[in-house]
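Shown next: protein-v6.tsv, containing TSV, C-alpha atoms.
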chain	number	residue	atom	x	y	z
E	30	MET	CA	3.80	7.12	-34.26
E	31	ASN	CA	3.68	10.64	-32.72
E	32	ARG	CA	0.89	9.42	-30.52
E	33	TRP	CA	3.16	6.73	-29.09
E	34	ILE	CA	5.83	9.30	-28.31
E	35	LEU	CA	3.21	11.35	-26.43
E	36	TYR	CA	2.10	8.28	-24.50
E	37	PHE	CA	5.72	7.47	-23.76
E	38	PHE	CA	6.35	10.86	-22.18
E	39	ILE	CA	3.10	10.74	-20.25
E	40	GLY	CA	4.24	7.39	-18.95
E	41	LEU	CA	7.64	8.68	-18.01
E	42	GLY	CA	6.00	11.53	-16.13
E	43	LEU	CA	3.83	9.13	-14.18
E	44	LEU	CA	6.82	6.98	-13.40
E	45	PHE	CA	8.73	10.02	-12.19
E	46	MET	CA	5.86	11.07	-9.94
E	47	SER	CA	5.51	7.59	-8.50
E	48	CYS	CA	9.24	7.43	-7.81
E	49	ASN	CA	9.21	10.77	-6.04
E	50	SER	CA	6.19	10.12	-3.90
E	51	THR	CA	7.34	10.32	-0.31
E	52	GLU	CA	6.69	7.76	2.34
E	53	SER	CA	4.28	8.73	5.05
E	54	SER	CA	6.16	10.53	7.83
E	55	CYS	CA	6.81	8.89	11.15
E	56	PRO	CA	4.35	9.58	13.96
E	57	GLY	CA	5.62	11.61	16.90
E	58	GLU	CA	5.70	8.59	19.18
E	59	SER	CA	6.49	5.10	17.96
E	60	ILE	CA	4.70	3.81	21.04
E	61	SER	CA	1.19	5.21	21.27
E	62	GLN	CA	0.22	6.97	24.47
E	63	LEU	CA	-2.80	6.90	26.71
E	64	ARG	CA	-4.48	10.29	26.76
E	65	ILE	CA	-6.41	11.20	29.89
E	66	GLY	CA	-8.68	14.20	29.50
E	67	PHE	CA	-9.32	16.41	32.54
E	68	THR	CA	-12.19	18.74	33.27
E	69	ARG	CA	-11.96	21.06	36.23
E	70	GLU	CA	-15.30	21.71	37.88
E	71	THR	CA	-16.03	25.37	38.65
E	72	ASP	CA	-16.10	24.74	42.37
E	73	SER	CA	-12.90	22.72	42.37
E	74	THR	CA	-10.35	23.69	44.99
E	75	THR	CA	-7.44	21.80	43.48
E	76	ASN	CA	-4.32	23.95	43.56
E	77	HIS	CA	-1.75	21.58	42.25
E	78	PHE	CA	-1.88	18.62	40.01
E	79	ILE	CA	0.59	15.70	39.69
E	80	VAL	CA	0.36	12.67	37.41
E	81	TYR	CA	3.03	10.03	37.98
E	82	HIS	CA	4.00	6.43	38.49
E	83	PRO	CA	6.34	5.47	41.35
E	84	LEU	CA	8.55	3.43	39.04
E	85	LEU	CA	9.17	6.32	36.68
E	86	ALA	CA	11.95	8.70	37.58
E	87	ASP	CA	10.08	11.82	36.48
E	88	SER	CA	6.52	12.90	36.95
E	89	ILE	CA	4.35	12.71	33.86
E	90	TYR	CA	2.73	16.03	34.76
E	91	ASP	CA	3.43	18.35	37.66
E	92	SER	CA	1.97	21.84	37.63
E	93	ILE	CA	-0.38	24.28	39.26
E	94	VAL	CA	-1.94	24.77	35.86
E	95	ALA	CA	-4.87	22.46	35.42
E	96	PRO	CA	-4.26	20.37	32.29
E	97	LYS	CA	-6.85	19.71	29.59
E	98	TYR	CA	-5.23	16.38	28.99
E	99	VAL	CA	-2.14	14.39	29.92
E	100	ASP	CA	-0.40	11.90	27.63
E	101	VAL	CA	0.74	8.89	29.59
E	102	PRO	CA	3.47	6.61	28.18
E	103	MET	CA	2.37	3.00	27.99
E	104	ASP	CA	4.37	0.35	29.80
E	105	VAL	CA	5.75	-1.77	26.93
E	106	THR	CA	7.21	-4.26	29.37
E	107	SER	CA	3.83	-5.28	30.76
E	108	ASP	CA	0.17	-5.79	29.86
E	109	SER	CA	-1.13	-3.62	32.68
E	110	MET	CA	-0.34	-0.22	34.04
E	111	ALA	CA	-1.43	2.22	36.73
E	112	VAL	CA	-1.36	5.99	36.77
E	113	PHE	CA	-1.38	7.93	40.00
E	114	ILE	CA	-2.98	11.35	40.20
E	115	ASP	CA	-2.28	13.58	43.16
E	116	PHE	CA	-4.72	16.40	43.71
E	117	ILE	CA	-3.34	19.07	46.07
E	118	ILE	CA	-6.45	20.64	47.47
E	119	ALA	CA	-6.85	23.86	49.37
E	120	GLN	CA	-8.57	23.50	52.70
E	121	THR	CA	-11.60	25.61	53.51
E	122	ASP	CA	-9.53	27.97	55.64
E	123	SER	CA	-7.26	28.47	52.56
E	124	THR	CA	-4.13	28.33	54.71
E	125	SER	CA	-3.33	24.67	54.38
E	126	GLU	CA	-3.46	21.98	51.69
E	127	ILE	CA	-4.09	18.27	51.60
E	128	LYS	CA	-3.12	15.68	49.05
E	129	VAL	CA	-5.70	13.25	47.73
E	130	THR	CA	-4.60	10.49	45.37
E	131	ASP	CA	-6.63	8.64	42.77
E	132	VAL	CA	-5.38	5.74	40.70
E	133	VAL	CA	-6.38	4.77	37.18
E	134	ALA	CA	-5.34	1.25	36.20
E	135	ILE	CA	-5.76	-0.44	32.83
E	136	THR	CA	-5.08	-3.82	31.32
E	137	TYR	CA	-4.35	-3.95	27.63
E	138	LYS	CA	-2.91	-5.92	24.77
E	139	SER	CA	-0.36	-4.53	22.36
E	140	HIS	CA	-0.26	-4.61	18.57
E	141	SER	CA	2.96	-4.11	16.64
E	142	TYR	CA	3.08	-3.02	13.03
E	143	ILE	CA	5.31	-1.36	10.46
E	144	GLU	CA	4.03	1.67	8.59
E	145	ASN	CA	7.38	2.85	7.32
E	146	LEU	CA	10.63	0.95	7.74
E	147	ASP	CA	12.49	4.15	8.59
E	148	CYS	CA	10.21	4.56	11.61
E	149	GLY	CA	10.79	0.96	12.72
E	150	VAL	CA	8.08	-0.99	14.47
E	151	LEU	CA	5.17	1.01	15.90
E	152	MET	CA	3.07	-0.17	18.79
E	153	ASP	CA	-0.62	0.42	19.41
E	154	PHE	CA	-2.74	-0.88	22.25
E	155	GLU	CA	-6.24	-2.02	22.96
E	156	ILE	CA	-7.56	-1.38	26.44
E	157	GLU	CA	-9.30	-4.41	27.87
E	158	GLU	CA	-10.28	-3.31	31.35
E	159	VAL	CA	-10.22	-0.07	33.31
E	160	TYR	CA	-10.21	0.39	37.08
E	161	TYR	CA	-10.13	3.59	39.07
E	162	THR	CA	-10.49	4.94	42.55
E	163	HIS	CA	-12.95	7.63	43.47
E	164	ASN	CA	-11.27	9.63	46.23
E	165	HIS	CA	-11.37	13.05	44.64
E	166	LEU	CA	-12.37	12.72	41.03
E	167	ASP	CA	-15.99	13.53	40.32
E	168	THR	CA	-16.77	11.53	37.22
E	169	PHE	CA	-14.86	9.04	35.12
E	170	TYR	CA	-15.65	8.15	31.50
E	171	PHE	CA	-14.03	5.45	29.42
E	172	ARG	CA	-14.19	6.92	25.91
E	173	ASN	CA	-12.00	4.94	23.57
E	174	LYS	CA	-10.39	1.53	23.89
E	175	ASP	CA	-8.00	1.91	20.93
E	176	ILE	CA	-4.74	3.64	21.73
E	177	ASN	CA	-3.14	4.48	18.40
E	178	SER	CA	-1.94	7.45	16.37
E	179	GLU	CA	-5.43	8.96	16.44
E	180	ILE	CA	-5.47	11.87	18.88
E	181	VAL	CA	-8.45	11.29	21.14
E	182	ASN	CA	-9.09	11.14	24.87
E	183	HIS	CA	-9.23	7.54	25.97
E	184	VAL	CA	-10.56	8.31	29.41
E	185	GLU	CA	-11.97	11.52	30.81
E	186	ILE	CA	-11.91	12.67	34.37
E	187	SER	CA	-13.61	15.60	36.00
E	188	TYR	CA	-12.59	16.77	39.44
X	94	MET	CA	-22.39	-0.45	-78.63
X	95	TRP	CA	-21.93	-4.06	-77.42
X	96	LYS	CA	-18.25	-3.33	-77.15
X	97	TYR	CA	-18.91	-0.45	-74.71
X	98	LEU	CA	-21.38	-2.47	-72.65
X	99	ILE	CA	-18.95	-5.35	-72.26
X	100	SER	CA	-16.19	-2.93	-71.24
X	101	LEU	CA	-18.51	-1.33	-68.64
X	102	LEU	CA	-19.43	-4.74	-67.18
X	103	CYS	CA	-15.77	-5.65	-66.94
X	104	LEU	CA	-15.06	-2.40	-65.08
X	105	VAL	CA	-17.92	-3.05	-62.62
X	106	GLN	CA	-16.65	-6.58	-62.01
X	107	LEU	CA	-13.14	-5.29	-61.47
X	108	ALA	CA	-14.38	-2.71	-58.97
X	109	GLN	CA	-16.31	-5.41	-57.09
X	110	ALA	CA	-13.22	-7.60	-57.06
X	111	GLN	CA	-11.24	-4.75	-55.46
X	112	VAL	CA	-13.84	-4.25	-52.76
X	113	THR	CA	-13.93	-7.95	-51.89
X	114	LEU	CA	-10.18	-8.31	-51.49
X	115	GLU	CA	-9.47	-11.11	-49.09
X	116	GLU	CA	-9.06	-9.90	-45.53
X	117	PRO	CA	-5.56	-10.59	-44.19
X	118	LYS	CA	-5.46	-13.41	-41.71
X	119	ARG	CA	-4.90	-12.55	-38.09
X	120	GLN	CA	-1.29	-12.82	-37.14
X	121	VAL	CA	-0.42	-15.34	-34.46
X	122	PHE	CA	2.39	-14.38	-32.08
X	123	VAL	CA	3.55	-14.68	-28.51
X	124	ARG	CA	4.93	-11.56	-26.88
X	125	PHE	CA	7.57	-12.00	-24.19
X	126	GLY	CA	8.30	-9.08	-21.90
X	127	VAL	CA	10.73	-8.08	-19.17
X	128	ASP	CA	9.85	-5.37	-16.67
X	129	VAL	CA	12.93	-3.16	-16.80
X	130	SER	CA	11.69	-0.89	-14.01
X	131	ARG	CA	12.35	-3.77	-11.60
X	132	LEU	CA	16.03	-3.57	-12.45
X	133	GLY	CA	16.15	-0.07	-10.99
X	134	LEU	CA	14.23	-0.85	-7.80
X	135	ASN	CA	17.29	-0.54	-5.64
X	136	VAL	CA	18.04	2.92	-7.02
X	137	MET	CA	14.46	4.17	-6.66
X	138	SER	CA	13.91	2.74	-3.18
X	139	ASP	CA	15.34	3.82	0.15
X	140	TYR	CA	15.64	0.16	1.08
X	141	ASN	CA	17.45	-2.85	-0.37
X	142	HIS	CA	14.87	-3.68	-2.98
X	143	SER	CA	15.39	-6.05	-5.87
X	144	GLY	CA	13.41	-8.28	-8.18
X	145	PHE	CA	12.46	-9.15	-11.70
X	146	GLU	CA	9.25	-9.68	-13.61
X	147	MET	CA	8.47	-11.34	-16.93
X	148	SER	CA	5.31	-11.52	-18.95
X	149	LEU	CA	3.73	-13.45	-21.80
X	150	ASP	CA	0.75	-12.39	-23.86
X	151	ALA	CA	-0.87	-13.40	-27.13
X	152	GLU	CA	-3.96	-12.43	-29.08
X	153	VAL	CA	-6.25	-15.43	-28.97
X	154	LYS	CA	-9.24	-13.54	-30.31
X	155	TYR	CA	-9.51	-10.17	-32.01
X	156	ARG	CA	-8.70	-7.54	-29.33
X	157	TYR	CA	-8.37	-10.09	-26.49
X	158	PHE	CA	-4.91	-10.77	-25.01
X	159	PRO	CA	-4.62	-13.28	-22.18
X	160	THR	CA	-1.60	-12.33	-20.10
X	161	LEU	CA	0.60	-14.14	-17.64
X	162	GLU	CA	3.07	-12.26	-15.48
X	163	ALA	CA	5.46	-13.79	-12.98
X	164	GLY	CA	8.16	-12.34	-10.82
X	165	TYR	CA	10.27	-12.34	-7.70
X	166	ASN	CA	10.61	-9.53	-5.21
X	167	LYS	CA	12.83	-9.00	-2.20
X	168	LEU	CA	12.91	-6.09	0.21
X	169	SER	CA	15.20	-5.82	3.19
X	170	HIS	CA	16.16	-3.08	5.59
X	171	GLN	CA	18.42	-3.05	8.59
X	172	THR	CA	18.80	-0.24	11.10
X	173	GLU	CA	19.63	0.01	14.79
X	174	SER	CA	15.97	-0.56	15.65
X	175	ILE	CA	14.82	-3.15	13.10
X	176	ASN	CA	16.01	-5.94	10.84
X	177	TYR	CA	13.37	-6.67	8.22
X	178	GLN	CA	13.17	-8.89	5.16
X	179	SER	CA	10.33	-9.92	2.88
X	180	ASP	CA	10.81	-12.00	-0.24
X	181	GLY	CA	8.77	-14.25	-2.45
X	182	ASN	CA	7.44	-15.18	-5.86
X	183	TYR	CA	4.25	-13.92	-7.38
X	184	PHE	CA	2.22	-14.32	-10.53
X	185	ARG	CA	-0.66	-12.57	-12.18
X	186	LEU	CA	-3.10	-14.03	-14.66
X	187	GLY	CA	-5.46	-11.84	-16.62
X	188	LEU	CA	-6.88	-10.50	-19.82
X	189	ASP	CA	-6.22	-7.29	-21.75
X	190	TYR	CA	-8.69	-5.74	-24.16
X	191	ASN	CA	-7.13	-3.71	-26.97
X	192	ILE	CA	-9.14	-0.59	-27.71
X	193	LEU	CA	-7.11	0.43	-30.76
X	194	ASN	CA	-8.76	0.19	-34.18
X	195	TYR	CA	-8.69	-2.58	-36.74
X	196	ARG	CA	-5.72	-1.56	-38.85
X	197	GLN	CA	-3.43	-0.91	-35.92
X	198	ARG	CA	-4.00	-4.34	-34.52
X	199	PHE	CA	-1.80	-5.72	-37.26
X	200	ASP	CA	0.96	-3.55	-35.85
X	201	ARG	CA	0.21	-5.42	-32.64
X	202	ASN	CA	0.28	-2.13	-30.75
X	203	LEU	CA	-1.94	-2.07	-27.73
X	204	PHE	CA	-3.76	0.60	-25.82
X	205	PHE	CA	-5.51	-1.67	-23.42
X	206	VAL	CA	-7.61	-2.03	-20.35
X	207	GLY	CA	-7.69	-5.26	-18.45
X	208	ALA	CA	-7.89	-7.16	-15.24
X	209	ARG	CA	-5.59	-9.45	-13.30
X	210	TYR	CA	-5.78	-11.97	-10.54
X	211	GLY	CA	-2.60	-11.97	-8.44
X	212	PHE	CA	-1.15	-14.46	-6.01
X	213	THR	CA	2.02	-14.49	-3.97
X	214	ALA	CA	3.69	-16.90	-1.57
X	215	PHE	CA	6.31	-15.11	0.47
X	216	SER	CA	8.22	-15.18	3.71
X	217	GLN	CA	8.85	-12.43	6.21
X	218	GLN	CA	11.39	-11.98	8.96
X	219	THR	CA	11.28	-9.20	11.52
X	220	SER	CA	13.92	-9.26	14.21
X	221	ASP	CA	16.15	-7.09	16.41
X	222	VAL	CA	13.31	-4.69	17.08
X	223	PHE	CA	13.97	-2.27	19.93
X	224	LEU	CA	11.25	-0.05	21.35
X	225	THR	CA	12.10	2.51	23.97
X	226	ASN	CA	10.08	4.90	26.07
X	227	GLU	CA	9.99	6.11	29.69
X	228	TRP	CA	9.39	2.57	30.91
X	229	GLY	CA	12.54	1.19	29.37
X	230	THR	CA	13.54	-0.73	26.27
X	231	VAL	CA	11.87	-3.85	25.05
X	232	GLU	CA	13.37	-6.14	22.40
X	233	LEU	CA	10.97	-7.92	20.08
X	234	ASP	CA	11.79	-10.83	17.81
X	235	PHE	CA	9.00	-12.07	15.61
X	236	ALA	CA	9.09	-15.65	14.36
X	237	PRO	CA	9.72	-16.01	10.59
X	238	GLU	CA	6.46	-16.46	8.75
X	239	ASP	CA	5.43	-18.05	5.46
X	240	LEU	CA	2.47	-16.12	4.13
X	241	SER	CA	0.35	-15.85	1.01
X	242	ALA	CA	-2.02	-13.26	-0.44
X	243	HIS	CA	-4.56	-12.97	-3.24
X	244	TRP	CA	-5.58	-9.77	-4.96
X	245	VAL	CA	-7.18	-8.41	-8.12
X	246	GLU	CA	-6.01	-5.58	-10.34
X	247	ALA	CA	-7.54	-3.19	-12.82
X	248	VAL	CA	-4.93	-2.26	-15.41
X	249	ILE	CA	-4.50	0.23	-18.24
X	250	GLY	CA	-1.46	0.47	-20.45
X	251	LEU	CA	0.32	0.69	-23.75
X	252	ARG	CA	2.48	-1.45	-25.97
X	253	GLY	CA	4.16	0.34	-28.86
X	254	GLU	CA	6.37	-1.21	-31.53
X	255	ILE	CA	9.73	0.59	-31.57
X	256	PHE	CA	11.53	-1.77	-33.96
X	257	LYS	CA	10.28	-4.75	-35.87
X	258	ASN	CA	8.98	-7.22	-33.27
X	259	PHE	CA	10.41	-5.14	-30.41
X	260	TYR	CA	8.00	-3.25	-28.18
X	261	MET	CA	8.03	-1.07	-25.13
X	262	GLY	CA	5.19	-0.08	-22.91
X	263	TYR	CA	3.87	0.40	-19.46
X	264	THR	CA	1.06	-0.87	-17.33
X	265	ILE	CA	-0.56	1.12	-14.55
X	266	ARG	CA	-2.21	-1.01	-11.91
X	267	VAL	CA	-4.74	-0.43	-9.17
X	268	LYS	CA	-4.64	-3.39	-6.82
X	269	GLN	CA	-7.27	-4.48	-4.36
X	270	MET	CA	-6.47	-7.07	-1.70
X	271	LEU	CA	-8.87	-10.00	-1.59
X	272	THR	CA	-7.59	-12.36	1.09
X	273	HIS	CA	-4.39	-13.30	2.82
X	274	THR	CA	-3.27	-15.88	5.29
X	275	GLU	CA	-3.77	-14.81	8.86
X	276	TYR	CA	-0.88	-12.66	9.92
X	277	GLY	CA	1.03	-13.59	13.05
X	278	ASP	CA	2.29	-11.09	15.59
X	279	ILE	CA	3.11	-8.49	12.97
X	280	ALA	CA	1.50	-7.70	9.64
X	281	PRO	CA	3.86	-7.77	6.64
X	282	TYR	CA	5.29	-4.44	5.60
X	283	TRP	CA	5.87	-5.55	2.02
X	284	ILE	CA	3.92	-8.10	-0.01
X	285	PRO	CA	5.76	-9.09	-3.24
X	286	GLY	CA	3.73	-8.15	-6.29
X	287	PHE	CA	1.18	-6.22	-4.25
X	288	GLY	CA	3.02	-3.59	-2.24
X	289	LYS	CA	2.51	-2.28	1.26
X	290	GLY	CA	0.87	-4.82	3.49
X	291	SER	CA	-0.81	-2.23	5.69
X	292	ARG	CA	-3.01	-1.14	2.79
X	293	VAL	CA	-5.92	-2.91	1.11
X	294	ARG	CA	-5.54	-0.89	-2.08
X	295	THR	CA	-2.25	0.01	-3.73
X	296	MET	CA	-1.02	1.35	-7.07
X	297	GLY	CA	1.80	0.04	-9.17
X	298	MET	CA	3.47	0.49	-12.49
X	299	SER	CA	5.46	-1.73	-14.82
X	300	TYR	CA	7.69	-0.44	-17.58
X	301	SER	CA	8.59	-3.26	-19.92
X	302	LEU	CA	10.42	-4.21	-23.08
X	303	PHE	CA	8.90	-6.94	-25.25
X	304	TYR	CA	9.80	-9.20	-28.10
X	305	ALA	CA	6.98	-10.61	-30.20
X	306	ILE	CA	7.72	-14.07	-31.56
X	307	PRO	CA	5.79	-14.52	-34.84
X	308	ILE	CA	4.23	-17.95	-35.10
X	309	LYS	CA	1.82	-17.83	-38.05
X	310	ASN	CA	0.83	-15.36	-40.77
X	311	PRO	CA	3.38	-12.59	-41.14
X	312	LYS	CA	2.37	-9.00	-40.58
X	313	PRO	CA	0.60	-7.63	-43.70
X	314	ASP	CA	2.24	-4.70	-45.42
X	315	PHE	CA	-0.10	-1.73	-45.41
X	316	GLY	CA	2.50	0.67	-46.71
X	317	ASN	CA	3.04	4.11	-45.18

Could you render the structure as C-alpha cells?
Amino acid sequence: MNRWILYFFIGLGLLFMSCNSTESSCPGESISQLRIGFTRETDSTTNHFIVYHPLLADSIYDSIVAPKYVDVPMDVTSDSMAVFIDFIIAQTDSTSEIKVTDVVAITYKSHSYIENLDCGVLMDFEIEEVYYTHNHLDTFYFRNKDINSEIVNHVEISY
Amino acid sequence: MWKYLISLLCLVQLAQAQVTLEEPKRQVFVRFGVDVSRLGLNVMSDYNHSGFEMSLDAEVKYRYFPTLEAGYNKLSHQTESINYQSDGNYFRLGLDYNILNYRQRFDRNLFFVGARYGFTAFSQQTSDVFLTNEWGTVELDFAPEDLSAHWVEAVIGLRGEIFKNFYMGYTIRVKQMLTHTEYGDIAPYWIPGFGKGSRVRTMGMSYSLFYAIPIKNPKPDFGN
C-alpha cells in the first residue's frame, strides 16, 4: 500500500502544479498594429519625418530622427485604412525645405479571438491589398500579410 | 517397505493437488466514479467555472477496462470589455489497460494506460465586447453559436482501493483535437471536456472517488 501513498502524493503534486500554472500574459496591444519598416538611403536628404492620418488627433510619428519602423494603429471601424508619410526634405542649397507626401493604403479583414479572458477579445488582421504612391519613397516591399502578435515588418519602405 | 512407498505416493499426490489448486474466478464488478476535482473548479479558476463528471468502468477481459465518462462544464466571465459564456455536455469512451500484476488485479487496483474518444456539444455566447484604440471604440456582439468538437486522448492513471469497494485515483490526459464544427466569427475560448479552444493539444487531469459494485464472484482472500 506504500506504493499507492507515493502515487497519491505524486498525483497531488501534479494537481498542484496544474492549478498554479499561469495563463499566458496579455499582449501589449489587444488590437494588432501594422508595422512599417523604414530604410534611409545614404544619400537621403530627408530632415524630418511625419507619419499621420488626418482623422487622428495626434501624429503617429513626428521626429527628425529617422525611424527603423513605425507601428500604425489599425482602424477597427473600417476594412481599409491609409497612412500618410510626410518627408521634409532639404533643398540643394540647404537653406530651405520642401514637404513631399506619400500615402500607403491597405484593405484588410479582421479576425477576433480570445486567448485569455482577462485580456478580452483580441483582434488580428489579414491584409488583402496594398496601394502606395511613389513621390519620394525609393522602394516599397510588401513583406507580410498577417498582422498579429508576431513582431515583423509588414511593409518596408526605403527613401 | 510397501507401507513407505504408499506413503510417499500419497505425499506426491498431495503436493500435486496443492499445485493444481483451482484458480479463483475473475471478479465481475462495475466501478462508478465521481470526479471530485470538478467540484473545486470555481476555486481553482479565475473565472466562474463549474461542472461535474462521472465515470463507469468494468473489467470485461483480464487487464482490459472499457470506460465511459460523461460530464457537464460551464465557464463564464464578465468584465467591462467582455461577457463570455461557454457550456455544454461531453462524454468520453475508451479503454484502459491495467499494467499491474496478476495478484493485484483481484484488489481491482489499476495502474493503467489507455485511450479515449471524446465528443462535446456546447454553446457559446460572446457579447458586450469593446475594443478601443486611437481610431475609437468599436462594440462587437457575436451571435450565440451551437458547436461540437471531437478529440482523442492518451491517458495514464491510478485507481487505489482505500476502503473495501471504495477507490480513489487520478487520470492524466493529453488531448488532441480531431475535428470541430466550423467556428463563426469567433473561435470558442473554452470547449467543455477539452479545454482551451485556441489550442489543438491540451492537458487535463481528473481526480476521482469510486465505488465498485460487486456483481459476481467475491474478491478472493489472499491474506496479508

query = Which residues come within 8 Å of X:Asn182, counting only C-alpha atoms, excluding same-chain residues fewer than 6 positions away, as a VMD selection string?
reply = chain X and resid 163 to 166 213 to 215 285 to 286

- Message: Need to verify the contact set: E:Thr168, 12 Å, all atoms listed in the file, exclusion of same-chain residues closer than 4 positions in sequence. Can you return it as number ranges by chain?
- Response: E: 66-70, 131, 161-164, 184-188

- Task: Tell me, as a list of chain:residue names, which residues lie within 10 Å of X:His243, counting only C-alpha atoms; anything in the same chain fewer than 3 positions away does not count.
- Result: X:Tyr183, X:Arg185, X:Tyr210, X:Gly211, X:Phe212, X:Thr213, X:Ala214, X:Gln269, X:Met270, X:Leu271, X:Thr272, X:His273, X:Thr274, X:Phe287

Resulting file, chosen residues, C-alpha atoms, as a PDB file, in the coordinates of the input:
ATOM      1  CA  TYR X 183       4.250 -13.920  -7.380  1.00  0.00           C
ATOM      2  CA  ARG X 185      -0.660 -12.570 -12.180  1.00  0.00           C
ATOM      3  CA  TYR X 210      -5.780 -11.970 -10.540  1.00  0.00           C
ATOM      4  CA  GLY X 211      -2.600 -11.970  -8.440  1.00  0.00           C
ATOM      5  CA  PHE X 212      -1.150 -14.460  -6.010  1.00  0.00           C
ATOM      6  CA  THR X 213       2.020 -14.490  -3.970  1.00  0.00           C
ATOM      7  CA  ALA X 214       3.690 -16.900  -1.570  1.00  0.00           C
ATOM      8  CA  GLN X 269      -7.270  -4.480  -4.360  1.00  0.00           C
ATOM      9  CA  MET X 270      -6.470  -7.070  -1.700  1.00  0.00           C
ATOM     10  CA  LEU X 271      -8.870 -10.000  -1.590  1.00  0.00           C
ATOM     11  CA  THR X 272      -7.590 -12.360   1.090  1.00  0.00           C
ATOM     12  CA  HIS X 273      -4.390 -13.300   2.820  1.00  0.00           C
ATOM     13  CA  THR X 274      -3.270 -15.880   5.290  1.00  0.00           C
ATOM     14  CA  PHE X 287       1.180  -6.220  -4.250  1.00  0.00           C
TER      15      PHE X 287
END

Could you produce a table of the residues of chain E lying within 6 Å of chain X, with the nearest pair of atoms per residue and their separation in Å rounded to one decimal, using only C-alpha atoms, ordered by chain and increasing residue number, as JSON lines?
{"residue": "E:Asp104", "atom": "CA", "partner": "X:Trp228", "partner_atom": "CA", "distance": 5.6}
{"residue": "E:Ser141", "atom": "CA", "partner": "X:Ile279", "partner_atom": "CA", "distance": 5.7}
{"residue": "E:Tyr142", "atom": "CA", "partner": "X:Ile279", "partner_atom": "CA", "distance": 5.5}
{"residue": "E:Ile143", "atom": "CA", "partner": "X:Tyr282", "partner_atom": "CA", "distance": 5.8}
{"residue": "E:Gly149", "atom": "CA", "partner": "X:Ile175", "partner_atom": "CA", "distance": 5.8}

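Using all atoms listed in the file, the protein and nucleic acid residues lying no more than 7 Å from stretch 106-110 of chain E, apart from those fewer than 5 places from it along its own chain, are Ala134, Ile135, Thr136, Tyr137 and Lys138 of chain E; Val231 of chain X.
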
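Using only C-alpha atoms for every distance, the candidate list E:Tyr90, E:Asn76, E:His82, E:Tyr98 yields E:Asn76 as the residue closest to E:Ser125.
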
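Of note, atom CA of E:Phe113 and atom CA of E:Ile89 are spaced 9.7 Å apart.
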
Students should find that atom CA of E:Leu85 and atom CA of E:Thr130 are spaced 16.8 Å

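Residue nearest E:Ile60 within the list E:Ala119, E:Val101, E:Val159, E:Ala86: E:Val101 [criterion: smallest interatomic distance, only C-alpha atoms].
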
Might you pull out every residue within 9 Å of E:Ile93, with only C-alpha atoms counted and same-chain residues fewer than 5 positions away left off, and present them as a ChimeraX atom specification? /E:75-79

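For the set E:Glu58, E:Asp87, E:Glu126, E:Asp175, the residue with the smallest atom-to-atom gap to E:Glu157 is E:Asp175, counting only C-alpha atoms.
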
As a check of understanding: the span from atom CA of X:Val293 to atom CA of E:Val150 is 19.4 Å

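Distance annotation: of X:Gln178, X:Asn141, X:Arg201, X:Gly288, the residue with the minimal separation from X:Glu238 is X:Gln178; atom set is only C-alpha atoms.
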
Could I get stretch 209-221 of chain X from the block written as a short mmCIF file (atom, residue, chain, number, x, y, z; two decimals), in the first residue's frame, with N, CA and C atoms?
data_model
loop_
_atom_site.label_atom_id
_atom_site.label_comp_id
_atom_site.auth_asym_id
_atom_site.auth_seq_id
_atom_site.Cartn_x
_atom_site.Cartn_y
_atom_site.Cartn_z
N ARG X 209 -8.94 7.42 -25.19
CA ARG X 209 -10.33 7.87 -25.17
C ARG X 209 -10.67 8.55 -26.49
N TYR X 210 -11.95 8.44 -26.81
CA TYR X 210 -12.52 9.29 -27.85
C TYR X 210 -13.47 10.24 -27.13
N GLY X 211 -13.37 11.52 -27.40
CA GLY X 211 -14.22 12.50 -26.71
C GLY X 211 -15.09 13.27 -27.68
N PHE X 212 -16.26 13.62 -27.20
CA PHE X 212 -17.20 14.41 -28.01
C PHE X 212 -17.91 15.40 -27.10
N THR X 213 -18.13 16.58 -27.60
CA THR X 213 -18.92 17.55 -26.86
C THR X 213 -19.85 18.32 -27.78
N ALA X 214 -21.01 18.65 -27.28
CA ALA X 214 -21.94 19.56 -27.95
C ALA X 214 -22.14 20.71 -26.98
N PHE X 215 -21.79 21.91 -27.40
CA PHE X 215 -21.81 23.03 -26.47
C PHE X 215 -22.26 24.30 -27.16
N SER X 216 -22.59 25.28 -26.35
CA SER X 216 -22.98 26.57 -26.91
C SER X 216 -22.06 27.66 -26.35
N GLN X 217 -21.93 28.71 -27.12
CA GLN X 217 -21.04 29.81 -26.73
C GLN X 217 -21.71 31.14 -27.00
N GLN X 218 -21.54 32.05 -26.07
CA GLN X 218 -22.05 33.40 -26.24
C GLN X 218 -20.95 34.40 -25.91
N THR X 219 -20.71 35.29 -26.84
CA THR X 219 -19.71 36.35 -26.62
C THR X 219 -20.38 37.67 -26.96
N SER X 220 -20.51 38.52 -25.97
CA SER X 220 -21.22 39.78 -26.22
C SER X 220 -20.57 40.91 -25.42
N ASP X 221 -21.06 42.11 -25.67
CA ASP X 221 -20.57 43.31 -24.96
C ASP X 221 -19.05 43.43 -25.03
#
